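> Next up, run01.txt (compact mmCIF, N, CA and C atoms).
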```txt
# COMPACT_ATOMS: atom_id res chain seq x y z
N MET A 1 14.59 145.06 12.63
CA MET A 1 15.90 145.66 12.69
C MET A 1 16.52 145.37 14.05
N ARG A 2 17.80 145.17 14.10
CA ARG A 2 18.49 144.85 15.34
C ARG A 2 19.10 146.12 15.93
N TYR A 3 18.90 146.29 17.22
CA TYR A 3 19.43 147.43 17.94
C TYR A 3 20.26 146.92 19.12
N SER A 4 20.95 147.84 19.77
CA SER A 4 21.69 147.47 20.96
C SER A 4 20.71 147.12 22.08
N ALA A 5 21.19 146.43 23.10
CA ALA A 5 20.33 146.04 24.22
C ALA A 5 19.75 147.27 24.90
N ASN A 6 20.55 148.31 25.09
CA ASN A 6 20.06 149.53 25.73
C ASN A 6 18.96 150.20 24.91
N LEU A 7 19.13 150.28 23.62
CA LEU A 7 18.14 150.89 22.77
C LEU A 7 16.86 150.06 22.72
N ASN A 8 17.00 148.73 22.72
CA ASN A 8 15.82 147.87 22.75
C ASN A 8 15.00 148.11 24.01
N ILE A 9 15.64 148.26 25.16
CA ILE A 9 14.95 148.52 26.42
C ILE A 9 14.19 149.85 26.33
N ILE A 10 14.85 150.87 25.81
CA ILE A 10 14.23 152.19 25.69
C ILE A 10 13.02 152.13 24.75
N ILE A 11 13.17 151.49 23.61
CA ILE A 11 12.09 151.42 22.63
C ILE A 11 10.89 150.66 23.20
N LYS A 12 11.15 149.54 23.86
CA LYS A 12 10.05 148.76 24.44
C LYS A 12 9.33 149.56 25.52
N ALA A 13 10.07 150.31 26.34
CA ALA A 13 9.44 151.13 27.39
C ALA A 13 8.57 152.22 26.77
N ILE A 14 9.06 152.86 25.73
CA ILE A 14 8.28 153.91 25.06
C ILE A 14 7.02 153.32 24.42
N GLU A 15 7.17 152.19 23.75
CA GLU A 15 6.01 151.58 23.11
C GLU A 15 4.94 151.20 24.13
N ARG A 16 5.36 150.67 25.27
CA ARG A 16 4.38 150.28 26.30
C ARG A 16 3.72 151.52 26.90
N ALA A 17 4.51 152.54 27.20
CA ALA A 17 3.97 153.75 27.82
C ALA A 17 3.06 154.52 26.88
N ALA A 18 3.37 154.52 25.62
CA ALA A 18 2.59 155.29 24.64
C ALA A 18 1.43 154.50 24.07
N GLY A 19 1.24 153.29 24.51
CA GLY A 19 0.19 152.44 23.96
C GLY A 19 -1.21 153.01 24.07
N SER A 20 -1.53 153.64 25.18
CA SER A 20 -2.89 154.17 25.37
C SER A 20 -3.02 155.64 24.96
N MET A 21 -1.92 156.25 24.56
CA MET A 21 -1.96 157.68 24.24
C MET A 21 -2.83 158.04 23.03
N PRO A 22 -2.89 157.25 21.97
CA PRO A 22 -3.81 157.61 20.88
C PRO A 22 -5.27 157.68 21.35
N ARG A 23 -5.65 156.74 22.22
CA ARG A 23 -7.01 156.76 22.75
C ARG A 23 -7.22 158.00 23.63
N ASP A 24 -6.22 158.32 24.46
CA ASP A 24 -6.30 159.52 25.29
C ASP A 24 -6.37 160.79 24.44
N PHE A 25 -5.64 160.80 23.33
CA PHE A 25 -5.66 161.95 22.43
C PHE A 25 -7.05 162.17 21.85
N ILE A 26 -7.69 161.09 21.45
CA ILE A 26 -9.05 161.20 20.91
C ILE A 26 -10.01 161.70 21.99
N GLU A 27 -9.82 161.22 23.21
CA GLU A 27 -10.66 161.68 24.33
C GLU A 27 -10.45 163.18 24.56
N LEU A 28 -9.22 163.65 24.44
CA LEU A 28 -8.94 165.08 24.63
C LEU A 28 -9.62 165.93 23.56
N GLU A 29 -9.75 165.41 22.36
CA GLU A 29 -10.45 166.16 21.32
C GLU A 29 -11.89 166.44 21.74
N ASN A 30 -12.49 165.50 22.49
CA ASN A 30 -13.87 165.67 22.95
C ASN A 30 -13.97 166.60 24.16
N LEU A 31 -12.87 166.82 24.88
CA LEU A 31 -12.88 167.68 26.07
C LEU A 31 -12.54 169.13 25.75
N GLN A 32 -12.39 169.49 24.51
CA GLN A 32 -11.93 170.83 24.15
C GLN A 32 -12.90 171.93 24.54
N SER A 33 -14.15 171.61 24.82
CA SER A 33 -15.09 172.65 25.24
C SER A 33 -14.82 173.12 26.66
N ASN A 34 -14.06 172.34 27.44
CA ASN A 34 -13.73 172.70 28.81
C ASN A 34 -12.21 172.64 28.99
N PRO A 35 -11.49 173.76 28.88
CA PRO A 35 -10.03 173.75 28.96
C PRO A 35 -9.49 173.22 30.29
N ALA A 36 -10.20 173.46 31.38
CA ALA A 36 -9.72 172.98 32.69
C ALA A 36 -9.75 171.45 32.73
N SER A 37 -10.79 170.85 32.21
CA SER A 37 -10.87 169.39 32.17
C SER A 37 -9.81 168.81 31.24
N ALA A 38 -9.57 169.47 30.12
CA ALA A 38 -8.55 169.01 29.17
C ALA A 38 -7.16 169.06 29.80
N ALA A 39 -6.86 170.13 30.54
CA ALA A 39 -5.56 170.25 31.20
C ALA A 39 -5.40 169.19 32.28
N LYS A 40 -6.45 168.95 33.03
CA LYS A 40 -6.40 167.93 34.09
C LYS A 40 -6.21 166.54 33.48
N PHE A 41 -6.91 166.26 32.40
CA PHE A 41 -6.81 164.95 31.74
C PHE A 41 -5.42 164.75 31.14
N SER A 42 -4.86 165.78 30.51
CA SER A 42 -3.54 165.66 29.91
C SER A 42 -2.47 165.49 30.98
N LYS A 43 -2.62 166.13 32.14
CA LYS A 43 -1.67 165.95 33.24
C LYS A 43 -1.74 164.53 33.78
N ALA A 44 -2.94 163.96 33.86
CA ALA A 44 -3.09 162.58 34.29
C ALA A 44 -2.42 161.63 33.29
N CYS A 45 -2.56 161.93 32.01
CA CYS A 45 -1.90 161.14 30.97
C CYS A 45 -0.38 161.22 31.12
N TYR A 46 0.13 162.43 31.37
CA TYR A 46 1.55 162.66 31.59
C TYR A 46 2.07 161.80 32.74
N ASN A 47 1.35 161.83 33.87
CA ASN A 47 1.77 161.07 35.04
C ASN A 47 1.73 159.57 34.80
N LYS A 48 0.74 159.11 34.04
CA LYS A 48 0.65 157.68 33.72
C LYS A 48 1.83 157.24 32.86
N VAL A 49 2.17 158.04 31.86
CA VAL A 49 3.30 157.73 30.98
C VAL A 49 4.60 157.75 31.78
N LYS A 50 4.75 158.74 32.62
CA LYS A 50 5.95 158.89 33.44
C LYS A 50 6.15 157.67 34.35
N GLN A 51 5.10 157.23 35.00
CA GLN A 51 5.18 156.09 35.90
C GLN A 51 5.50 154.80 35.13
N THR A 52 4.87 154.61 34.00
CA THR A 52 5.12 153.41 33.20
C THR A 52 6.56 153.36 32.70
N LEU A 53 7.07 154.49 32.24
CA LEU A 53 8.46 154.54 31.76
C LEU A 53 9.43 154.22 32.89
N ALA A 54 9.22 154.81 34.05
CA ALA A 54 10.11 154.56 35.19
C ALA A 54 10.09 153.10 35.60
N GLU A 55 8.90 152.51 35.68
CA GLU A 55 8.79 151.10 36.06
C GLU A 55 9.51 150.20 35.08
N ASP A 56 9.29 150.41 33.79
CA ASP A 56 9.91 149.55 32.78
C ASP A 56 11.43 149.69 32.75
N LEU A 57 11.91 150.91 32.81
CA LEU A 57 13.36 151.11 32.75
C LEU A 57 14.05 150.57 34.00
N LEU A 58 13.43 150.75 35.15
CA LEU A 58 14.04 150.25 36.39
C LEU A 58 13.97 148.73 36.50
N LYS A 59 13.02 148.12 35.82
CA LYS A 59 12.91 146.66 35.84
C LYS A 59 14.16 146.03 35.20
N PHE A 60 14.63 146.63 34.11
CA PHE A 60 15.76 146.05 33.38
C PHE A 60 17.11 146.66 33.77
N ARG A 61 17.12 147.88 34.24
CA ARG A 61 18.36 148.55 34.64
C ARG A 61 18.17 149.19 36.02
N PRO A 62 18.10 148.38 37.09
CA PRO A 62 17.80 148.92 38.42
C PRO A 62 18.87 149.83 39.01
N ASP A 63 20.09 149.77 38.49
CA ASP A 63 21.17 150.61 39.03
C ASP A 63 21.31 151.95 38.33
N TYR A 64 20.55 152.18 37.28
CA TYR A 64 20.64 153.44 36.56
C TYR A 64 19.78 154.48 37.26
N ASN A 65 20.22 155.72 37.22
CA ASN A 65 19.43 156.82 37.76
C ASN A 65 18.52 157.37 36.67
N ILE A 66 17.44 158.03 37.09
CA ILE A 66 16.49 158.59 36.14
C ILE A 66 16.28 160.06 36.45
N PHE A 67 16.36 160.90 35.41
CA PHE A 67 16.09 162.32 35.53
C PHE A 67 14.94 162.66 34.58
N PHE A 68 13.89 163.26 35.12
CA PHE A 68 12.73 163.64 34.31
C PHE A 68 12.83 165.11 33.91
N SER A 69 12.15 165.47 32.84
CA SER A 69 12.18 166.83 32.33
C SER A 69 11.54 167.82 33.30
N ASP A 70 10.67 167.35 34.18
CA ASP A 70 10.02 168.24 35.15
C ASP A 70 10.84 168.44 36.42
N GLY A 71 12.04 167.88 36.46
CA GLY A 71 12.94 168.08 37.60
C GLY A 71 12.97 166.94 38.59
N GLN A 72 12.03 166.02 38.51
CA GLN A 72 12.02 164.89 39.44
C GLN A 72 13.19 163.96 39.11
N LYS A 73 13.76 163.38 40.16
CA LYS A 73 14.88 162.46 39.99
C LYS A 73 14.61 161.18 40.76
N ILE A 74 15.05 160.07 40.20
CA ILE A 74 15.05 158.80 40.90
C ILE A 74 16.51 158.37 40.97
N ILE A 75 17.08 158.48 42.15
CA ILE A 75 18.49 158.14 42.35
C ILE A 75 18.57 156.76 42.99
N ASN A 76 19.02 155.78 42.23
CA ASN A 76 19.16 154.42 42.74
C ASN A 76 20.57 154.13 43.21
N ASN A 77 21.52 154.85 42.65
CA ASN A 77 22.92 154.63 42.97
C ASN A 77 23.64 155.97 42.84
N GLU A 78 24.15 156.46 43.96
CA GLU A 78 24.84 157.76 43.94
C GLU A 78 26.03 157.77 42.99
N ASN A 79 26.66 156.64 42.78
CA ASN A 79 27.85 156.55 41.93
C ASN A 79 27.55 155.89 40.59
N ALA A 80 26.30 155.97 40.15
CA ALA A 80 25.92 155.31 38.91
C ALA A 80 26.67 155.90 37.72
N GLU A 81 27.06 155.02 36.84
CA GLU A 81 27.79 155.45 35.64
C GLU A 81 26.82 155.87 34.54
N TYR A 82 25.58 155.38 34.61
CA TYR A 82 24.60 155.66 33.57
C TYR A 82 23.34 156.28 34.16
N CYS A 83 22.67 157.10 33.34
CA CYS A 83 21.39 157.67 33.76
C CYS A 83 20.50 157.86 32.52
N TYR A 84 19.21 157.79 32.77
CA TYR A 84 18.22 158.08 31.74
C TYR A 84 17.73 159.50 31.92
N THR A 85 17.58 160.23 30.84
CA THR A 85 16.89 161.51 30.85
C THR A 85 15.61 161.30 30.06
N ILE A 86 14.48 161.58 30.72
CA ILE A 86 13.18 161.23 30.15
C ILE A 86 12.31 162.47 29.99
N PHE A 87 11.71 162.59 28.81
CA PHE A 87 10.67 163.57 28.54
C PHE A 87 9.39 162.76 28.34
N PRO A 88 8.61 162.54 29.43
CA PRO A 88 7.42 161.68 29.31
C PRO A 88 6.47 162.13 28.20
N ILE A 89 6.15 163.42 28.17
CA ILE A 89 5.39 163.98 27.05
C ILE A 89 5.98 165.34 26.76
N ASP A 90 6.77 165.41 25.70
CA ASP A 90 7.34 166.67 25.28
C ASP A 90 6.33 167.33 24.34
N GLY A 91 5.76 168.42 24.79
CA GLY A 91 4.69 169.08 24.06
C GLY A 91 3.36 168.87 24.77
N LEU A 92 3.39 168.90 26.10
CA LEU A 92 2.18 168.67 26.90
C LEU A 92 1.10 169.70 26.58
N GLY A 93 1.50 170.94 26.34
CA GLY A 93 0.52 171.97 25.96
C GLY A 93 -0.20 171.62 24.67
N ASN A 94 0.54 171.06 23.72
CA ASN A 94 -0.09 170.63 22.47
C ASN A 94 -1.08 169.51 22.73
N LEU A 95 -0.68 168.55 23.57
CA LEU A 95 -1.58 167.45 23.90
C LEU A 95 -2.87 167.97 24.53
N SER A 96 -2.76 168.91 25.46
CA SER A 96 -3.94 169.42 26.15
C SER A 96 -4.87 170.19 25.20
N ARG A 97 -4.34 170.70 24.09
CA ARG A 97 -5.17 171.39 23.09
C ARG A 97 -5.56 170.47 21.93
N ALA A 98 -5.28 169.16 22.10
CA ALA A 98 -5.57 168.15 21.07
C ALA A 98 -4.82 168.43 19.77
N ASP A 99 -3.63 168.97 19.90
CA ASP A 99 -2.73 169.17 18.76
C ASP A 99 -1.79 167.96 18.72
N PRO A 100 -1.70 167.25 17.61
CA PRO A 100 -0.94 165.99 17.58
C PRO A 100 0.58 166.12 17.59
N HIS A 101 1.11 167.28 17.86
CA HIS A 101 2.56 167.47 17.84
C HIS A 101 3.12 167.34 19.25
N PHE A 102 3.28 166.11 19.71
CA PHE A 102 3.91 165.82 20.99
C PHE A 102 4.64 164.48 20.87
N THR A 103 5.65 164.29 21.71
CA THR A 103 6.47 163.09 21.62
C THR A 103 6.77 162.54 23.01
N VAL A 104 7.26 161.31 23.02
CA VAL A 104 7.84 160.68 24.20
C VAL A 104 9.30 160.45 23.84
N ALA A 105 10.22 160.91 24.70
CA ALA A 105 11.65 160.82 24.38
C ALA A 105 12.45 160.35 25.59
N ILE A 106 13.43 159.50 25.32
CA ILE A 106 14.33 159.00 26.36
C ILE A 106 15.74 158.99 25.80
N ALA A 107 16.68 159.45 26.62
CA ALA A 107 18.10 159.39 26.27
C ALA A 107 18.84 158.65 27.36
N LEU A 108 19.80 157.83 26.99
CA LEU A 108 20.68 157.17 27.94
C LEU A 108 22.02 157.88 27.89
N GLU A 109 22.49 158.29 29.05
CA GLU A 109 23.75 159.03 29.12
C GLU A 109 24.73 158.33 30.06
N GLN A 110 26.00 158.41 29.70
CA GLN A 110 27.06 157.88 30.54
C GLN A 110 27.74 159.06 31.22
N ILE A 111 27.98 158.92 32.52
CA ILE A 111 28.62 159.99 33.29
C ILE A 111 30.08 159.60 33.47
N ASN A 112 30.98 160.41 32.91
CA ASN A 112 32.40 160.09 33.01
C ASN A 112 32.96 160.52 34.37
N ALA A 113 34.24 160.29 34.58
CA ALA A 113 34.87 160.56 35.87
C ALA A 113 34.81 162.04 36.26
N SER A 114 34.79 162.94 35.29
CA SER A 114 34.73 164.37 35.59
C SER A 114 33.31 164.86 35.83
N GLY A 115 32.31 163.97 35.71
CA GLY A 115 30.92 164.34 35.95
C GLY A 115 30.18 164.82 34.72
N LYS A 116 30.84 164.80 33.58
CA LYS A 116 30.21 165.25 32.34
C LYS A 116 29.40 164.10 31.73
N LYS A 117 28.20 164.42 31.25
CA LYS A 117 27.33 163.42 30.63
C LYS A 117 27.61 163.32 29.14
N GLU A 118 27.66 162.09 28.66
CA GLU A 118 27.84 161.83 27.23
C GLU A 118 26.69 160.93 26.78
N GLN A 119 25.95 161.38 25.77
CA GLN A 119 24.80 160.61 25.31
C GLN A 119 25.25 159.35 24.58
N ILE A 120 24.64 158.24 24.96
CA ILE A 120 24.96 156.96 24.33
C ILE A 120 23.93 156.59 23.27
N CYS A 121 22.65 156.72 23.63
CA CYS A 121 21.60 156.44 22.67
C CYS A 121 20.34 157.19 23.08
N ALA A 122 19.43 157.35 22.16
CA ALA A 122 18.18 158.04 22.43
C ALA A 122 17.11 157.52 21.48
N ALA A 123 15.87 157.64 21.93
CA ALA A 123 14.74 157.27 21.09
C ALA A 123 13.63 158.30 21.31
N ILE A 124 12.98 158.67 20.22
CA ILE A 124 11.88 159.62 20.25
C ILE A 124 10.72 159.00 19.48
N ASN A 125 9.54 159.04 20.09
CA ASN A 125 8.37 158.47 19.44
C ASN A 125 7.32 159.56 19.27
N ASN A 126 7.00 159.87 18.04
CA ASN A 126 5.91 160.79 17.73
C ASN A 126 4.64 159.96 17.81
N VAL A 127 3.92 160.07 18.90
CA VAL A 127 2.85 159.14 19.24
C VAL A 127 1.71 159.17 18.23
N VAL A 128 1.23 160.34 17.88
CA VAL A 128 0.12 160.45 16.92
C VAL A 128 0.69 161.06 15.65
N ALA A 129 0.99 160.22 14.70
CA ALA A 129 1.61 160.70 13.46
C ALA A 129 0.63 160.68 12.30
```
How does this structure look as structure tokens?

Amino acid sequence: MRYSANLNIIIKAIERAAGSMPRDFIELENLQSNPASAAKFSKACYNKVKQTLAEDLLKFRPDYNIFFSDGQKIINNENAEYCYTIFPIDGLGNLSRADPHFTVAIALEQINASGKKEQICAAINNVVA
């Protein structure tokens, strides 16, 4: 199926970042006897996905700003017209309990002259379906 260039970039970034998540999910199922280890492992998975998404998106759109769901921001251009809003793992608590209901989501938004954000495109990947 053909998508816009922006959506193709988002989809490719999600696919690359989520590539190892099924394996990590299976590993988390084995760590359920120790909740502290499971939480630590899921946080490491979150950080790995977050870093991969940021690297991929910035490689193709270096002037866009990035806003993460945890409050972190990557500001590349103070006057950028576009920004990504990223949920590296939405449902991190579910992941840490080995519940398969978690997603990776990215939205591209355009910031108009009044500062209001308007969503242009978004992609959500239910990693373990």
> If we count all atoms listed in the file and set the cut-off at 6 Å, which residues sit around segment 49-61 of chain A, ignoring sequence neighbours fewer than 6 positions away in its own chain? Please answer as a PyMOL selection string.
chain A and resi 13+17+88
> How would the residues just picked look written out with N, CA and C atoms as a PDB file, in the frame of the given file?

```pdb
ATOM      1  N   ALA A  13      10.070 150.310  26.340  1.00  0.00           N
ATOM      2  CA  ALA A  13       9.440 151.130  27.390  1.00  0.00           C
ATOM      3  C   ALA A  13       8.570 152.220  26.770  1.00  0.00           C
ATOM      4  N   ALA A  17       4.510 152.540  27.200  1.00  0.00           N
ATOM      5  CA  ALA A  17       3.970 153.750  27.820  1.00  0.00           C
ATOM      6  C   ALA A  17       3.060 154.520  26.880  1.00  0.00           C
ATOM      7  N   PRO A  88       8.610 162.540  29.430  1.00  0.00           N
ATOM      8  CA  PRO A  88       7.420 161.680  29.310  1.00  0.00           C
ATOM      9  C   PRO A  88       6.470 162.130  28.200  1.00  0.00           C
TER      10      PRO A  88
END
```
> List as a list in words the protein and nucleic acid residues near segment 98-106 of chain A, meaning an atom at most 6.5 Å away when only N, CA and C atoms are counted, but skip any in the same chain fewer than 4 places from it.
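The contact residues come out as Phe25, Leu28, Glu29, Tyr84, Thr85, Ile86, Phe87, Pro88, Ile89, Asp90, Gly91, Leu92, Gly93, Asn94, Cys121, Ala122, Ala123, Ile124, Asn125, Asn126, Val127 and Val128 of chain A.
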> Would you export the selected residues with N, CA and C atoms as a PDB file, in the frame of the given file, please?

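Generated file (result_10.pdb):
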```pdb
ATOM      1  N   PHE A  25      -5.640 160.800  23.330  1.00  0.00           N
ATOM      2  CA  PHE A  25      -5.660 161.950  22.430  1.00  0.00           C
ATOM      3  C   PHE A  25      -7.050 162.170  21.850  1.00  0.00           C
ATOM      4  N   LEU A  28      -9.220 163.650  24.440  1.00  0.00           N
ATOM      5  CA  LEU A  28      -8.940 165.080  24.630  1.00  0.00           C
ATOM      6  C   LEU A  28      -9.620 165.930  23.560  1.00  0.00           C
ATOM      7  N   GLU A  29      -9.750 165.410  22.360  1.00  0.00           N
ATOM      8  CA  GLU A  29     -10.450 166.160  21.320  1.00  0.00           C
ATOM      9  C   GLU A  29     -11.890 166.440  21.740  1.00  0.00           C
ATOM     10  N   TYR A  84      19.210 157.790  32.770  1.00  0.00           N
ATOM     11  CA  TYR A  84      18.220 158.080  31.740  1.00  0.00           C
ATOM     12  C   TYR A  84      17.730 159.500  31.920  1.00  0.00           C
ATOM     13  N   THR A  85      17.580 160.230  30.840  1.00  0.00           N
ATOM     14  CA  THR A  85      16.890 161.510  30.850  1.00  0.00           C
ATOM     15  C   THR A  85      15.610 161.300  30.060  1.00  0.00           C
ATOM     16  N   ILE A  86      14.480 161.580  30.720  1.00  0.00           N
ATOM     17  CA  ILE A  86      13.180 161.230  30.150  1.00  0.00           C
ATOM     18  C   ILE A  86      12.310 162.470  29.990  1.00  0.00           C
ATOM     19  N   PHE A  87      11.710 162.590  28.810  1.00  0.00           N
ATOM     20  CA  PHE A  87      10.670 163.570  28.540  1.00  0.00           C
ATOM     21  C   PHE A  87       9.390 162.760  28.340  1.00  0.00           C
ATOM     22  N   PRO A  88       8.610 162.540  29.430  1.00  0.00           N
ATOM     23  CA  PRO A  88       7.420 161.680  29.310  1.00  0.00           C
ATOM     24  C   PRO A  88       6.470 162.130  28.200  1.00  0.00           C
ATOM     25  N   ILE A  89       6.150 163.420  28.170  1.00  0.00           N
ATOM     26  CA  ILE A  89       5.390 163.980  27.050  1.00  0.00           C
ATOM     27  C   ILE A  89       5.980 165.340  26.760  1.00  0.00           C
ATOM     28  N   ASP A  90       6.770 165.410  25.700  1.00  0.00           N
ATOM     29  CA  ASP A  90       7.340 166.670  25.280  1.00  0.00           C
ATOM     30  C   ASP A  90       6.330 167.330  24.340  1.00  0.00           C
ATOM     31  N   GLY A  91       5.760 168.420  24.790  1.00  0.00           N
ATOM     32  CA  GLY A  91       4.690 169.080  24.060  1.00  0.00           C
ATOM     33  C   GLY A  91       3.360 168.870  24.770  1.00  0.00           C
ATOM     34  N   LEU A  92       3.390 168.900  26.100  1.00  0.00           N
ATOM     35  CA  LEU A  92       2.180 168.670  26.900  1.00  0.00           C
ATOM     36  C   LEU A  92       1.100 169.700  26.580  1.00  0.00           C
ATOM     37  N   GLY A  93       1.500 170.940  26.340  1.00  0.00           N
ATOM     38  CA  GLY A  93       0.520 171.970  25.960  1.00  0.00           C
ATOM     39  C   GLY A  93      -0.200 171.620  24.670  1.00  0.00           C
ATOM     40  N   ASN A  94       0.540 171.060  23.720  1.00  0.00           N
ATOM     41  CA  ASN A  94      -0.090 170.630  22.470  1.00  0.00           C
ATOM     42  C   ASN A  94      -1.080 169.510  22.730  1.00  0.00           C
ATOM     43  N   CYS A 121      22.650 156.720  23.630  1.00  0.00           N
ATOM     44  CA  CYS A 121      21.600 156.440  22.670  1.00  0.00           C
ATOM     45  C   CYS A 121      20.340 157.190  23.080  1.00  0.00           C
ATOM     46  N   ALA A 122      19.430 157.350  22.160  1.00  0.00           N
ATOM     47  CA  ALA A 122      18.180 158.040  22.430  1.00  0.00           C
ATOM     48  C   ALA A 122      17.110 157.520  21.480  1.00  0.00           C
ATOM     49  N   ALA A 123      15.870 157.640  21.930  1.00  0.00           N
ATOM     50  CA  ALA A 123      14.740 157.270  21.090  1.00  0.00           C
ATOM     51  C   ALA A 123      13.630 158.300  21.310  1.00  0.00           C
ATOM     52  N   ILE A 124      12.980 158.670  20.220  1.00  0.00           N
ATOM     53  CA  ILE A 124      11.880 159.620  20.250  1.00  0.00           C
ATOM     54  C   ILE A 124      10.720 159.000  19.480  1.00  0.00           C
ATOM     55  N   ASN A 125       9.540 159.040  20.090  1.00  0.00           N
ATOM     56  CA  ASN A 125       8.370 158.470  19.440  1.00  0.00           C
ATOM     57  C   ASN A 125       7.320 159.560  19.270  1.00  0.00           C
ATOM     58  N   ASN A 126       7.000 159.870  18.040  1.00  0.00           N
ATOM     59  CA  ASN A 126       5.910 160.790  17.730  1.00  0.00           C
ATOM     60  C   ASN A 126       4.640 159.960  17.810  1.00  0.00           C
ATOM     61  N   VAL A 127       3.920 160.070  18.900  1.00  0.00           N
ATOM     62  CA  VAL A 127       2.850 159.140  19.240  1.00  0.00           C
ATOM     63  C   VAL A 127       1.710 159.170  18.230  1.00  0.00           C
ATOM     64  N   VAL A 128       1.230 160.340  17.880  1.00  0.00           N
ATOM     65  CA  VAL A 128       0.120 160.450  16.920  1.00  0.00           C
ATOM     66  C   VAL A 128       0.690 161.060  15.650  1.00  0.00           C
TER      67      VAL A 128
END
```
> Expressed in Å to a single decimal, how great is the separation between atom N of Glu81 of chain A and atom CA of Tyr64 of chain A?
6.6 Å
> Give me, please, the distance in Å between atom N of Ala80 of chain A and atom CA of Arg2 of chain A, quoted to one decimal.
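That distance, rounded to one decimal, is 28.3 Å.
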> Can you pull out every residue from segment 25-83 of chain A that DSSP, working from the backbone, puts in helix (DSSP H, G or I), and format the result as JSON, numbers by chain?
{"A": [25, 26, 27, 28, 29, 30, 35, 36, 37, 38, 39, 40, 41, 42, 43, 44, 45, 46, 47, 48, 49, 50, 51, 52, 53, 54, 55, 56, 57, 58, 59, 60]}
> Give me, as a PDB file with N, CA and C atoms, in the frame of the given file, all polymer residues having an atom no more than 12 Å from Asn112 of chain A, counting only C-alpha atoms and skipping those fewer than 3 positions away in the same chain.

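Result went into out30.pdb, see below:
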```pdb
ATOM      1  N   ASN A  79      26.660 156.640  42.780  1.00  0.00           N
ATOM      2  CA  ASN A  79      27.850 156.550  41.930  1.00  0.00           C
ATOM      3  C   ASN A  79      27.550 155.890  40.590  1.00  0.00           C
ATOM      4  N   ALA A  80      26.300 155.970  40.150  1.00  0.00           N
ATOM      5  CA  ALA A  80      25.920 155.310  38.910  1.00  0.00           C
ATOM      6  C   ALA A  80      26.670 155.900  37.720  1.00  0.00           C
ATOM      7  N   GLU A  81      27.060 155.020  36.840  1.00  0.00           N
ATOM      8  CA  GLU A  81      27.790 155.450  35.640  1.00  0.00           C
ATOM      9  C   GLU A  81      26.820 155.870  34.540  1.00  0.00           C
ATOM     10  N   TYR A  82      25.580 155.380  34.610  1.00  0.00           N
ATOM     11  CA  TYR A  82      24.600 155.660  33.570  1.00  0.00           C
ATOM     12  C   TYR A  82      23.340 156.280  34.160  1.00  0.00           C
ATOM     13  N   CYS A  83      22.670 157.100  33.340  1.00  0.00           N
ATOM     14  CA  CYS A  83      21.390 157.670  33.760  1.00  0.00           C
ATOM     15  C   CYS A  83      20.500 157.860  32.520  1.00  0.00           C
ATOM     16  N   GLU A 109      22.490 158.290  29.050  1.00  0.00           N
ATOM     17  CA  GLU A 109      23.750 159.030  29.120  1.00  0.00           C
ATOM     18  C   GLU A 109      24.730 158.330  30.060  1.00  0.00           C
ATOM     19  N   GLY A 115      32.310 163.970  35.710  1.00  0.00           N
ATOM     20  CA  GLY A 115      30.920 164.340  35.950  1.00  0.00           C
ATOM     21  C   GLY A 115      30.180 164.820  34.720  1.00  0.00           C
ATOM     22  N   LYS A 116      30.840 164.800  33.580  1.00  0.00           N
ATOM     23  CA  LYS A 116      30.210 165.250  32.340  1.00  0.00           C
ATOM     24  C   LYS A 116      29.400 164.100  31.730  1.00  0.00           C
ATOM     25  N   LYS A 117      28.200 164.420  31.250  1.00  0.00           N
ATOM     26  CA  LYS A 117      27.330 163.420  30.630  1.00  0.00           C
ATOM     27  C   LYS A 117      27.610 163.320  29.140  1.00  0.00           C
ATOM     28  N   GLU A 118      27.660 162.090  28.660  1.00  0.00           N
ATOM     29  CA  GLU A 118      27.840 161.830  27.230  1.00  0.00           C
ATOM     30  C   GLU A 118      26.690 160.930  26.780  1.00  0.00           C
ATOM     31  N   GLN A 119      25.950 161.380  25.770  1.00  0.00           N
ATOM     32  CA  GLN A 119      24.800 160.610  25.310  1.00  0.00           C
ATOM     33  C   GLN A 119      25.250 159.350  24.580  1.00  0.00           C
ATOM     34  N   ILE A 120      24.640 158.240  24.960  1.00  0.00           N
ATOM     35  CA  ILE A 120      24.960 156.960  24.330  1.00  0.00           C
ATOM     36  C   ILE A 120      23.930 156.590  23.270  1.00  0.00           C
TER      37      ILE A 120
END
```
> Using all atoms listed in the file, which residues sit within 7 Å of Ala39 of chain A once same-chain residues fewer than 5 positions away are excluded, as a ChimeraX atom specification?
/A:34,44,96-97
